[in-house]
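Asker: Data: work34.cif, mmCIF, C-alpha atoms.
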```cif
data_entry
#
loop_
_atom_site.label_atom_id
_atom_site.label_comp_id
_atom_site.auth_asym_id
_atom_site.auth_seq_id
_atom_site.Cartn_x
_atom_site.Cartn_y
_atom_site.Cartn_z
CA MET A 1175 63.66 -34.14 173.36
CA ALA A 1176 60.26 -32.51 173.00
CA LYS A 1177 58.22 -33.49 169.97
CA HIS A 1178 56.56 -30.82 167.86
CA ASN A 1179 53.59 -31.33 165.57
CA ILE A 1180 54.45 -28.80 162.85
CA VAL A 1181 57.61 -27.03 161.72
CA PHE A 1182 57.20 -23.98 159.46
CA ILE A 1183 60.10 -23.35 157.05
CA GLY A 1184 60.47 -20.07 155.20
CA LEU A 1185 62.47 -19.98 151.94
CA ASP A 1186 63.66 -16.73 150.35
CA THR A 1187 64.49 -17.96 146.85
CA HIS A 1188 67.03 -16.52 144.44
CA LYS A 1189 68.73 -17.66 141.26
CA SER A 1190 71.85 -19.10 142.93
CA PHE A 1191 70.86 -19.61 146.58
CA ILE A 1192 67.96 -19.98 149.01
CA GLU A 1193 67.85 -18.30 152.41
CA VAL A 1194 66.31 -20.68 154.97
CA ALA A 1195 64.63 -20.01 158.32
CA TYR A 1196 62.23 -22.06 160.42
CA ILE A 1197 60.01 -21.83 163.46
CA GLU A 1198 58.46 -24.52 165.65
CA ASP A 1199 54.78 -24.70 166.48
CA VAL A 1200 55.29 -23.61 170.08
CA ARG A 1201 53.80 -20.53 171.69
CA GLY A 1202 56.29 -17.70 172.20
CA VAL A 1203 59.14 -19.27 170.20
CA LYS A 1204 61.03 -17.10 167.70
CA PRO A 1205 62.08 -18.03 164.15
CA ILE A 1206 65.59 -19.45 163.70
CA HIS A 1207 67.83 -18.53 160.78
CA LEU A 1208 69.43 -21.62 159.26
CA GLY A 1209 71.56 -19.97 156.57
CA LYS A 1210 71.98 -20.11 152.80
CA ASN A 1211 71.36 -23.19 150.71
CA PRO A 1212 72.38 -23.62 147.03
CA SER A 1213 69.45 -23.31 144.63
CA THR A 1214 69.77 -26.80 143.14
CA LYS A 1215 67.61 -29.89 143.17
CA GLN A 1216 70.04 -31.97 145.20
CA SER A 1217 70.55 -29.20 147.76
CA VAL A 1218 66.81 -28.81 148.31
CA LYS A 1219 66.46 -32.59 148.75
CA LYS A 1220 69.30 -32.52 151.27
CA LEU A 1221 67.61 -29.66 153.15
CA VAL A 1222 64.37 -31.63 153.36
CA ARG A 1223 66.21 -34.70 154.67
CA GLN A 1224 67.87 -32.55 157.36
CA PHE A 1225 64.49 -31.40 158.66
CA GLU A 1226 63.12 -34.94 158.43
CA SER A 1227 65.96 -36.27 160.59
CA LYS A 1228 65.75 -33.37 163.07
CA TYR A 1229 61.96 -33.55 163.42
CA PRO A 1230 61.03 -37.17 162.57
CA ASP A 1231 57.53 -36.91 164.07
CA ALA A 1232 56.67 -33.43 162.79
CA THR A 1233 54.82 -32.26 159.70
CA LEU A 1234 56.97 -29.96 157.56
CA HIS A 1235 55.37 -26.90 155.97
CA PHE A 1236 57.51 -24.98 153.45
CA VAL A 1237 56.69 -21.54 152.07
CA TYR A 1238 58.27 -19.14 149.58
CA GLU A 1239 57.31 -16.17 147.43
CA ALA A 1240 56.30 -16.47 143.79
CA GLY A 1241 58.89 -14.97 141.45
CA PRO A 1242 60.98 -15.46 138.32
CA CYS A 1243 62.50 -18.71 139.65
CA GLY A 1244 59.26 -20.57 138.95
CA TYR A 1245 57.54 -23.41 140.76
CA TRP A 1246 60.15 -26.16 140.62
CA ILE A 1247 60.79 -25.95 144.39
CA TYR A 1248 57.08 -26.41 145.11
CA ARG A 1249 56.86 -29.39 142.77
CA LEU A 1250 59.99 -31.00 144.20
CA ILE A 1251 58.93 -30.62 147.85
CA THR A 1252 55.36 -31.81 147.24
CA SER A 1253 56.70 -34.81 145.30
CA LEU A 1254 58.64 -35.73 148.45
CA GLY A 1255 55.38 -35.83 150.40
CA HIS A 1256 55.56 -32.51 152.28
CA CYS A 1257 53.36 -29.42 152.29
CA CYS A 1258 54.56 -26.39 150.34
CA TYR A 1259 52.90 -23.03 149.76
CA VAL A 1260 53.68 -20.35 147.18
CA ILE A 1261 52.73 -16.82 148.25
CA ALA A 1262 52.13 -13.78 146.06
CA PRO A 1263 54.46 -10.97 147.25
CA SER A 1264 51.61 -8.46 147.08
CA LEU A 1265 49.58 -10.50 149.60
CA ILE A 1266 52.26 -10.55 152.31
CA PRO A 1267 51.30 -8.21 155.19
CA LYS A 1268 53.91 -5.54 155.92
CA LYS A 1269 54.30 -2.99 158.70
CA PRO A 1270 54.28 0.64 157.48
CA GLY A 1271 57.33 1.56 159.55
CA ASP A 1272 59.46 -1.43 158.54
CA ARG A 1273 62.18 0.01 156.29
CA ILE A 1274 64.78 -2.77 156.55
CA LYS A 1275 64.60 -5.61 154.05
CA THR A 1276 67.15 -8.44 153.90
CA ASP A 1277 67.03 -12.03 152.70
CA LYS A 1278 67.42 -13.27 156.26
CA ARG A 1279 64.50 -11.17 157.49
CA ASP A 1280 62.34 -12.22 154.56
CA ALA A 1281 62.86 -15.92 155.25
CA MET A 1282 62.20 -15.52 158.99
CA ASN A 1283 59.13 -13.38 158.31
CA LEU A 1284 57.68 -15.97 155.90
CA ALA A 1285 58.04 -18.74 158.48
CA LYS A 1286 56.49 -16.57 161.20
CA LEU A 1287 53.55 -15.45 159.05
CA LEU A 1288 52.85 -19.01 157.92
CA LYS A 1289 52.66 -20.10 161.54
CA SER A 1290 50.20 -17.31 162.37
CA GLU A 1291 48.09 -18.17 159.28
CA ASP A 1292 48.49 -14.69 157.82
CA LEU A 1293 49.48 -15.92 154.35
CA THR A 1294 47.26 -16.99 151.46
CA ALA A 1295 48.66 -19.55 149.05
CA ILE A 1296 48.27 -19.12 145.30
CA TYR A 1297 47.30 -21.77 142.75
CA VAL A 1298 50.30 -23.55 141.23
CA PRO A 1299 49.80 -25.06 137.76
CA GLU A 1300 51.14 -28.45 136.77
CA PRO A 1301 54.28 -28.44 134.54
CA GLU A 1302 52.26 -29.51 131.48
CA ASP A 1303 49.70 -26.75 132.11
CA GLU A 1304 52.44 -24.16 132.52
CA ALA A 1305 53.99 -25.25 129.22
CA VAL A 1306 50.72 -24.71 127.34
CA ARG A 1307 50.32 -21.36 129.11
CA ASP A 1308 53.79 -20.31 127.92
CA LEU A 1309 52.87 -21.27 124.36
CA SER A 1310 49.59 -19.35 124.56
CA ARG A 1311 51.38 -16.27 125.90
CA ALA A 1312 54.06 -16.56 123.21
CA ARG A 1313 51.34 -16.53 120.56
CA GLU A 1314 49.84 -13.39 122.07
CA THR A 1315 53.27 -11.73 122.16
CA ALA A 1316 53.79 -12.62 118.50
CA MET A 1317 50.47 -10.97 117.62
CA LYS A 1318 51.45 -7.83 119.53
CA ASP A 1319 54.83 -7.69 117.76
CA LEU A 1320 53.11 -8.05 114.39
CA LYS A 1321 50.71 -5.19 115.17
CA ASP A 1322 53.60 -2.99 116.31
CA GLY A 1323 55.44 -3.65 113.05
CA LYS A 1324 52.37 -2.74 111.02
CA TYR A 1325 51.87 0.48 112.99
CA GLN A 1326 55.49 1.48 112.38
CA LEU A 1327 55.18 0.92 108.65
CA LYS A 1328 51.91 2.84 108.47
CA ALA A 1329 53.50 5.72 110.37
CA LEU A 1330 56.37 5.83 107.83
CA LEU A 1331 53.90 6.01 104.95
CA LEU A 1332 51.84 8.69 106.70
CA ARG A 1333 54.89 10.89 107.31
CA ASN A 1334 55.71 10.71 103.60
CA ASN A 1335 52.10 11.32 102.46
CA VAL A 1336 51.86 7.91 100.78
CA THR A 1337 48.33 6.51 100.42
CA ALA A 1338 47.80 2.82 99.82
CA LYS A 1339 46.21 1.96 96.47
CA VAL A 1340 45.09 -1.46 97.70
CA LYS A 1341 42.03 -1.61 99.96
CA ASP A 1342 42.74 -5.07 101.42
CA ASN A 1343 45.49 -4.25 103.93
CA TRP A 1344 48.27 -6.81 104.51
CA SER A 1345 47.01 -9.15 101.81
CA LYS A 1346 49.47 -10.59 99.27
CA GLN A 1347 48.45 -7.86 96.82
CA HIS A 1348 49.09 -5.19 99.45
CA LEU A 1349 52.52 -6.61 100.28
CA ARG A 1350 53.41 -6.65 96.55
CA TRP A 1351 52.38 -3.00 96.33
CA LEU A 1352 54.65 -2.18 99.28
CA THR A 1353 57.64 -3.89 97.66
CA GLU A 1354 57.10 -1.86 94.47
CA LEU A 1355 56.87 1.42 96.40
CA ILE A 1356 59.73 3.88 95.84
CA LEU A 1357 60.42 6.56 98.50
CA PRO A 1358 62.32 9.79 97.78
CA TYR A 1359 65.58 8.94 99.60
CA PRO A 1360 67.66 5.73 99.71
CA ALA A 1361 67.75 5.84 103.53
CA GLN A 1362 63.95 5.81 103.68
CA GLN A 1363 63.87 2.97 101.16
CA ILE A 1364 66.08 0.88 103.46
CA VAL A 1365 63.73 1.57 106.38
CA LEU A 1366 60.75 0.54 104.24
CA GLN A 1367 62.37 -2.72 103.18
CA GLU A 1368 63.34 -3.55 106.77
CA TYR A 1369 59.77 -2.93 107.94
CA ILE A 1370 58.36 -5.14 105.16
CA GLN A 1371 60.81 -7.92 106.00
CA ALA A 1372 60.05 -7.69 109.73
CA ILE A 1373 56.29 -7.87 109.10
CA THR A 1374 56.69 -10.87 106.81
CA GLU A 1375 58.82 -12.70 109.39
CA ARG A 1376 56.35 -11.92 112.18
CA MET A 1377 53.40 -13.14 110.09
CA ASN A 1378 55.20 -16.45 109.52
CA ARG A 1379 56.08 -16.63 113.22
CA LEU A 1380 52.44 -16.11 114.17
CA LYS A 1381 51.33 -18.82 111.74
CA ARG A 1382 53.85 -21.28 113.20
CA LEU A 1383 52.72 -20.58 116.75
CA ASP A 1384 49.05 -20.97 115.76
CA ASN A 1385 49.78 -24.40 114.30
CA GLU A 1386 51.82 -25.49 117.32
CA LEU A 1387 49.22 -24.23 119.78
CA GLU A 1388 46.42 -26.10 118.02
CA HIS A 1389 48.52 -29.30 118.00
CA HIS A 1390 49.60 -29.18 121.65
CA VAL A 1391 46.17 -28.18 122.97
CA LYS A 1392 44.60 -31.29 121.45
CA ASN A 1393 47.09 -33.43 123.40
CA TRP A 1394 46.59 -31.46 126.62
CA ARG A 1395 44.78 -32.98 129.61
CA TYR A 1396 42.51 -29.91 129.78
CA TYR A 1397 41.47 -30.21 126.13
CA PRO A 1398 38.00 -31.59 127.05
CA VAL A 1399 37.42 -28.42 129.08
CA VAL A 1400 38.78 -26.20 126.29
CA LYS A 1401 36.49 -27.91 123.81
CA ALA A 1402 33.47 -27.73 126.10
CA ILE A 1403 33.64 -24.01 126.91
CA GLN A 1404 33.83 -23.24 123.17
CA ALA A 1405 30.09 -23.94 123.21
CA MET A 1406 29.85 -20.42 124.63
CA ARG A 1407 29.37 -17.52 122.26
CA GLY A 1408 32.53 -15.40 122.00
CA VAL A 1409 34.79 -18.20 123.20
CA ARG A 1410 36.79 -19.67 120.35
CA LEU A 1411 39.92 -21.81 120.52
CA LEU A 1412 42.39 -19.04 121.37
CA VAL A 1413 40.18 -17.49 124.05
CA ALA A 1414 39.27 -20.88 125.53
CA THR A 1415 42.89 -22.02 125.62
CA GLY A 1416 44.05 -18.76 127.17
CA LEU A 1417 41.37 -18.87 129.88
CA VAL A 1418 42.02 -22.47 130.90
CA ALA A 1419 45.81 -22.04 130.70
CA GLU A 1420 45.70 -18.98 132.94
CA LEU A 1421 43.08 -20.17 135.43
CA GLY A 1422 43.80 -23.91 135.55
CA ASP A 1423 41.26 -26.09 137.33
CA LEU A 1424 38.08 -24.01 137.59
CA THR A 1425 36.38 -26.60 139.79
CA ARG A 1426 38.63 -25.63 142.71
CA PHE A 1427 36.21 -22.74 143.22
CA ASP A 1428 33.09 -24.00 145.01
CA HIS A 1429 31.03 -21.01 143.86
CA PRO A 1430 31.22 -18.81 140.72
CA ARG A 1431 31.27 -15.62 142.82
CA LYS A 1432 34.67 -16.66 144.17
CA LEU A 1433 35.93 -17.03 140.61
CA MET A 1434 34.57 -13.58 139.73
CA SER A 1435 36.39 -12.13 142.73
CA TYR A 1436 39.56 -14.03 141.81
CA LEU A 1437 39.52 -12.36 138.39
CA GLY A 1438 38.90 -8.89 139.82
CA LEU A 1439 35.53 -8.53 138.08
CA VAL A 1440 33.59 -7.62 141.23
CA PRO A 1441 33.06 -3.99 142.28
CA SER A 1442 35.21 -2.48 145.00
CA GLU A 1443 33.51 -1.27 148.16
CA HIS A 1444 34.29 1.25 150.87
CA SER A 1445 31.58 1.24 153.53
CA SER A 1446 31.61 2.58 157.04
CA GLY A 1447 28.76 3.12 159.48
CA GLY A 1448 25.59 3.83 157.56
CA LYS A 1449 27.39 4.83 154.39
CA ARG A 1450 27.97 2.32 151.58
CA SER A 1451 30.10 3.26 148.59
CA ILE A 1452 30.52 0.99 145.54
CA GLY A 1453 33.37 1.75 143.15
CA ALA A 1454 34.96 0.32 140.02
CA ILE A 1455 35.98 -3.32 139.70
CA THR A 1456 38.95 -4.41 141.82
CA LYS A 1457 41.08 -5.58 138.82
CA CYS A 1458 42.97 -8.01 141.02
CA GLY A 1459 44.03 -11.45 139.87
CA ASN A 1460 44.97 -12.53 136.37
CA SER A 1461 44.74 -9.57 134.00
CA ARG A 1462 45.12 -11.66 130.83
CA ALA A 1463 42.19 -13.92 131.68
CA ARG A 1464 40.10 -10.85 132.50
CA ARG A 1465 41.01 -9.26 129.17
CA LEU A 1466 40.10 -12.41 127.24
CA LEU A 1467 36.69 -12.48 128.90
CA VAL A 1468 36.06 -8.84 128.04
CA GLU A 1469 36.98 -9.54 124.40
CA GLY A 1470 34.48 -12.37 124.28
CA ALA A 1471 31.78 -10.26 125.96
CA HIS A 1472 31.60 -7.89 122.97
CA THR A 1473 29.84 -10.58 120.90
CA TYR A 1474 26.71 -10.42 123.08
CA ARG A 1475 25.68 -7.04 121.70
CA TYR A 1476 23.93 -8.90 118.86
CA ALA A 1477 20.69 -10.86 119.09
CA ALA A 1478 20.87 -14.43 120.38
CA ASN A 1479 21.34 -17.02 117.63
CA ILE A 1480 23.34 -20.14 116.79
CA SER A 1481 25.67 -19.43 113.89
CA THR A 1482 27.11 -22.11 111.61
CA GLU A 1483 30.51 -21.84 113.25
CA LEU A 1484 29.03 -22.12 116.75
CA GLN A 1485 26.95 -25.10 115.65
CA LEU A 1486 30.11 -26.87 114.47
CA ARG A 1487 31.80 -26.23 117.80
CA GLN A 1488 28.82 -27.71 119.66
CA GLU A 1489 28.34 -30.84 117.53
CA ASP A 1490 30.31 -33.34 119.65
CA LEU A 1491 29.34 -31.88 123.03
CA GLY A 1492 26.78 -33.19 125.49
CA LYS A 1493 23.25 -31.83 125.71
CA THR A 1494 23.81 -30.40 129.20
CA ILE A 1495 26.77 -28.29 128.02
CA VAL A 1496 24.90 -27.03 124.95
CA ASP A 1497 21.88 -26.14 127.10
CA ILE A 1498 24.08 -24.14 129.52
CA ALA A 1499 25.65 -22.27 126.59
CA TRP A 1500 22.24 -21.43 125.09
CA LYS A 1501 20.88 -20.34 128.46
CA ALA A 1502 23.94 -18.08 128.85
CA GLN A 1503 23.44 -16.57 125.41
CA LEU A 1504 19.77 -15.81 126.03
CA ARG A 1505 20.46 -14.15 129.37
CA LEU A 1506 23.57 -12.21 128.38
CA CYS A 1507 22.16 -10.86 125.11
CA ARG A 1508 19.01 -9.75 126.92
CA ARG A 1509 20.99 -8.17 129.75
CA TYR A 1510 23.24 -6.34 127.29
CA GLN A 1511 20.26 -4.66 125.63
CA THR A 1512 18.61 -3.92 128.98
CA MET A 1513 21.69 -2.15 130.34
CA LEU A 1514 22.08 -0.29 127.03
CA ARG A 1515 18.51 1.06 127.31
CA GLN A 1516 19.23 2.11 130.89
CA GLY A 1517 21.99 4.38 129.59
CA LYS A 1518 24.90 2.44 131.09
CA HIS A 1519 28.37 3.15 129.76
CA TYR A 1520 29.61 0.71 127.13
CA ASN A 1521 32.57 -0.41 129.24
CA VAL A 1522 30.33 -1.04 132.25
CA ILE A 1523 28.04 -3.22 130.15
CA VAL A 1524 30.86 -5.30 128.68
CA THR A 1525 32.44 -5.81 132.11
CA ALA A 1526 29.12 -6.96 133.58
CA ILE A 1527 28.68 -9.43 130.71
CA ALA A 1528 32.23 -10.74 131.20
CA ARG A 1529 31.54 -11.26 134.91
CA GLU A 1530 28.53 -13.45 134.15
CA MET A 1531 30.31 -15.24 131.31
CA ILE A 1532 32.86 -16.74 133.69
CA ALA A 1533 30.00 -18.10 135.85
CA TYR A 1534 28.61 -20.06 132.90
CA ILE A 1535 32.10 -21.19 131.91
CA TRP A 1536 32.54 -22.42 135.49
CA ALA A 1537 29.27 -24.35 135.24
CA ILE A 1538 30.36 -25.99 131.99
CA SER A 1539 33.76 -26.97 133.40
CA ARG A 1540 32.04 -28.81 136.25
CA GLU A 1541 30.45 -31.15 133.69
CA ILE A 1542 33.90 -32.41 132.63
CA VAL A 1543 35.60 -35.01 134.82
CA LEU A 1544 39.42 -35.00 134.71
CA THR A 1545 41.94 -37.34 136.30
CA PRO A 1546 43.98 -35.54 138.99
CA VAL A 1547 47.77 -35.49 138.72
CA GLU A 1548 49.79 -37.49 141.25
CA PRO A 1549 52.53 -35.19 142.69
CA LYS A 1550 55.10 -38.01 142.87
CA LEU A 1551 54.66 -38.73 139.15
CA ARG A 1552 55.30 -35.19 137.96
CA LEU A 1553 57.87 -34.77 135.19
CA SER A 1554 60.79 -32.85 136.66
CA ARG A 1555 63.16 -30.99 134.34
CA VAL A 1556 65.07 -29.16 137.05
CA PRO A 1557 68.85 -29.70 136.79
CA ALA A 1558 70.55 -31.41 139.70
#
```
Would you mind giving the structure from this file in structure tokens?
Answerer:
Amino acid sequence: MAKHNIVFIGLDTHKSFIEVAYIEDVRGVKPIHLGKNPSTKQSVKKLVRQFESKYPDATLHFVYEAGPCGYWIYRLITSLGHCCYVIAPSLIPKKPGDRIKTDKRDAMNLAKLLKSEDLTAIYVPEPEDEAVRDLSRARETAMKDLKDGKYQLKALLLRNNVTAKVKDNWSKQHLRWLTELILPYPAQQIVLQEYIQAITERMNRLKRLDNELEHHVKNWRYYPVVKAIQAMRGVRLLVATGLVAELGDLTRFDHPRKLMSYLGLVPSEHSSGGKRSIGAITKCGNSRARRLLVEGAHTYRYAANISTELQLRQEDLGKTIVDIAWKAQLRLCRRYQTMLRQGKHYNVIVTAIAREMIAYIWAISREIVLTPVEPKLRLSRVPA
């Protein structure tokens, strides 16, 4: 039997089953459909063993699309010592005239495209990193729910021409004033009480998530990076945690321009012949990380200085990190004012500052040395 160096295996994943197809690394060969496989840990292990016995001298390369099923297949296959790639669905090349889509075709197409090197793998976080990211996102969702509840209550008061007599909104005094408020009709009073109760519950929920996030981040393997990048102006604990949780290991980028492009903070371009046209930023990549950077970029509209709070964040950090942060503050504050005098739009200025911020954050992260995770020692919580 002929021996093949590489076998490419395409997996079309679903909640209850996985469609499997494979193709050998031989010129002119077509992908072969293997069939459906149950979407369980034991079934995936059995599938891997089948390919190992069929191609004992070959290297197995698995590939599947990112989706709601998560990364447990990637972690399981890599823990068994094989290559696995997770592909963003938006990055898969498609023919304009192809109108037929089936699970079988998707699996065969993935295997074929992986063989032709037409797929780009995405970064897969470790289970611990993904857990902290989920907690950070849950905290952001809780904040959004709290704001929505406040807007709904304010809209009710506005419709009934009720003006607050307390200037400090949502303080304890303001909440007491709301509970003492009497609306004209009993039905409206019920709505008011429900809104007050919902806001109170959401404020407590946000406080609980803040406490849990602060506790878990301190025990996280990326905490040294989170602590270090807080030396930057406009990067506090929540922003730093969100950035690192969304982006993962920043040192995997060998140049900051690649990180800028990854976040969609570089301008789009459409050039042909002698004509060069530069447009708005591409906005590709992680939108939450991009938004957090833009939020932090607003702080550079003021003159460069080290506040008391920033000084406290920098106390236990190395001199190199503090020097990078100060160099960033001097440059970004000066650039903000320069672009403002040039008449640039406010959003353009903030985006440009955010683009350079991530370069300095990248430089700081390279000063922190972390121990890599061994794939075979990953904690697996996938049911058998």
Asker: Considering all atoms listed in the file, return as a list of chain:residue names whatever protein or nucleic-acid residues lie within 10 Å of Gly1323 in chain A, sequence-local ones (same chain, fewer than 2 positions apart) excluded.
Answerer: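 Here the answer would be A:Met1317, A:Lys1318, A:Asp1319, A:Leu1320, A:Lys1321, A:Tyr1325, A:Gln1326, A:Leu1327, A:Lys1328, A:Ala1329, A:Tyr1369, A:Ile1370, A:Gln1371, A:Ala1372, A:Ile1373, A:Thr1374, A:Arg1376.
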Asker: Name every residue that the PyMOL selection byres ((chain A and resi 1295) around 12) selects in this structure, writing the answer as an MDAnalysis selection string with chains first and numbers rising.
Answerer: chainID A and resid 1236:1240 1248 1257:1266 1284 1287:1288 1291:1294 1296:1298
Asker: For range 1409-1425 of chain A, list every protein, DNA or RNA residue within 8 Å, evaluated using all atoms listed in the file, and leave out those in the same chain fewer than 2 positions away; present the list as a PyMOL selection string.
Answerer: chain A and resi 1299+1303-1304+1306-1307+1310-1311+1391+1396+1399-1401+1403-1407+1427-1428+1433+1460+1462-1463+1466-1467+1470+1536+1539-1540
Asker: Could you pull the residues within 12 Å of Lys1189 in chain A, counting only C-alpha atoms, minus those fewer than 3 positions along the same chain, as a ChimeraX atom specification?
Answerer: /A:1186,1192-1193,1211-1214,1241-1244,1247
Asker: Filtering to C-alpha atoms, could you give me those residues as a short mmCIF file (atom, residue, chain, number, x, y, z; two decimals), keeping the file's coordinate frame?
Answerer:
```
data_model
loop_
_atom_site.label_atom_id
_atom_site.label_comp_id
_atom_site.auth_asym_id
_atom_site.auth_seq_id
_atom_site.Cartn_x
_atom_site.Cartn_y
_atom_site.Cartn_z
CA ASP A 1186 63.66 -16.73 150.35
CA ILE A 1192 67.96 -19.98 149.01
CA GLU A 1193 67.85 -18.30 152.41
CA ASN A 1211 71.36 -23.19 150.71
CA PRO A 1212 72.38 -23.62 147.03
CA SER A 1213 69.45 -23.31 144.63
CA THR A 1214 69.77 -26.80 143.14
CA GLY A 1241 58.89 -14.97 141.45
CA PRO A 1242 60.98 -15.46 138.32
CA CYS A 1243 62.50 -18.71 139.65
CA GLY A 1244 59.26 -20.57 138.95
CA ILE A 1247 60.79 -25.95 144.39
#
```
Asker: Emit as AutoDock Vina command-line options the padded axis-aligned box for all listed atoms of range 1508-1514 of chain A, 8 Å per side, with centre and edge lengths in Å to one decimal.
Answerer:
```
--center_x 20.9 --center_y -5.0 --center_z 128.0 --size_x 20.6 --size_y 25.5 --size_z 20.7
```
Asker: Which residues match the PyMOL selection byres ((chain A and resi 1487) around 9) in the file above, as a PDB file with C-alpha atoms, in the coordinates of the input?
Answerer:
```pdb
ATOM      1  CA  LYS A1401      36.490 -27.910 123.810  1.00  0.00           C
ATOM      2  CA  ALA A1402      33.470 -27.730 126.100  1.00  0.00           C
ATOM      3  CA  GLN A1404      33.830 -23.240 123.170  1.00  0.00           C
ATOM      4  CA  ALA A1405      30.090 -23.940 123.210  1.00  0.00           C
ATOM      5  CA  ARG A1410      36.790 -19.670 120.350  1.00  0.00           C
ATOM      6  CA  THR A1482      27.110 -22.110 111.610  1.00  0.00           C
ATOM      7  CA  GLU A1483      30.510 -21.840 113.250  1.00  0.00           C
ATOM      8  CA  LEU A1484      29.030 -22.120 116.750  1.00  0.00           C
ATOM      9  CA  GLN A1485      26.950 -25.100 115.650  1.00  0.00           C
ATOM     10  CA  LEU A1486      30.110 -26.870 114.470  1.00  0.00           C
ATOM     11  CA  GLN A1488      28.820 -27.710 119.660  1.00  0.00           C
ATOM     12  CA  GLU A1489      28.340 -30.840 117.530  1.00  0.00           C
ATOM     13  CA  ASP A1490      30.310 -33.340 119.650  1.00  0.00           C
ATOM     14  CA  LEU A1491      29.340 -31.880 123.030  1.00  0.00           C
TER      15      LEU A1491
END
```
Asker: May I ask for the distance between CA of Arg1505 in chain A and CA of His1444 in chain A, given in Å to one decimal place?
Answerer: 29.8 Å
Asker: What do you get, as a ChimeraX atom specification, if you spell out every residue that the PyMOL selection byres ((chain A and resi 1179) around 12) selects here?
Answerer: /A:1176-1178,1180-1182,1197-1200,1229-1235,1289
Asker: Within 10 Å of (65.0, -31.5, 147.9), in the coordinates the file gives, what residues turn up when you count only C-alpha atoms, written out as a list in words?
Answerer: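 The residues near that point, listed by chain and number, are Ser1213, Thr1214, Lys1215, Gln1216, Ser1217, Val1218, Lys1219, Lys1220, Leu1221, Val1222, Arg1223, Gln1224, Ile1247, Tyr1248, Arg1249, Leu1250, Ile1251, Thr1252, Ser1253, Leu1254 and Ala1558 of chain A.
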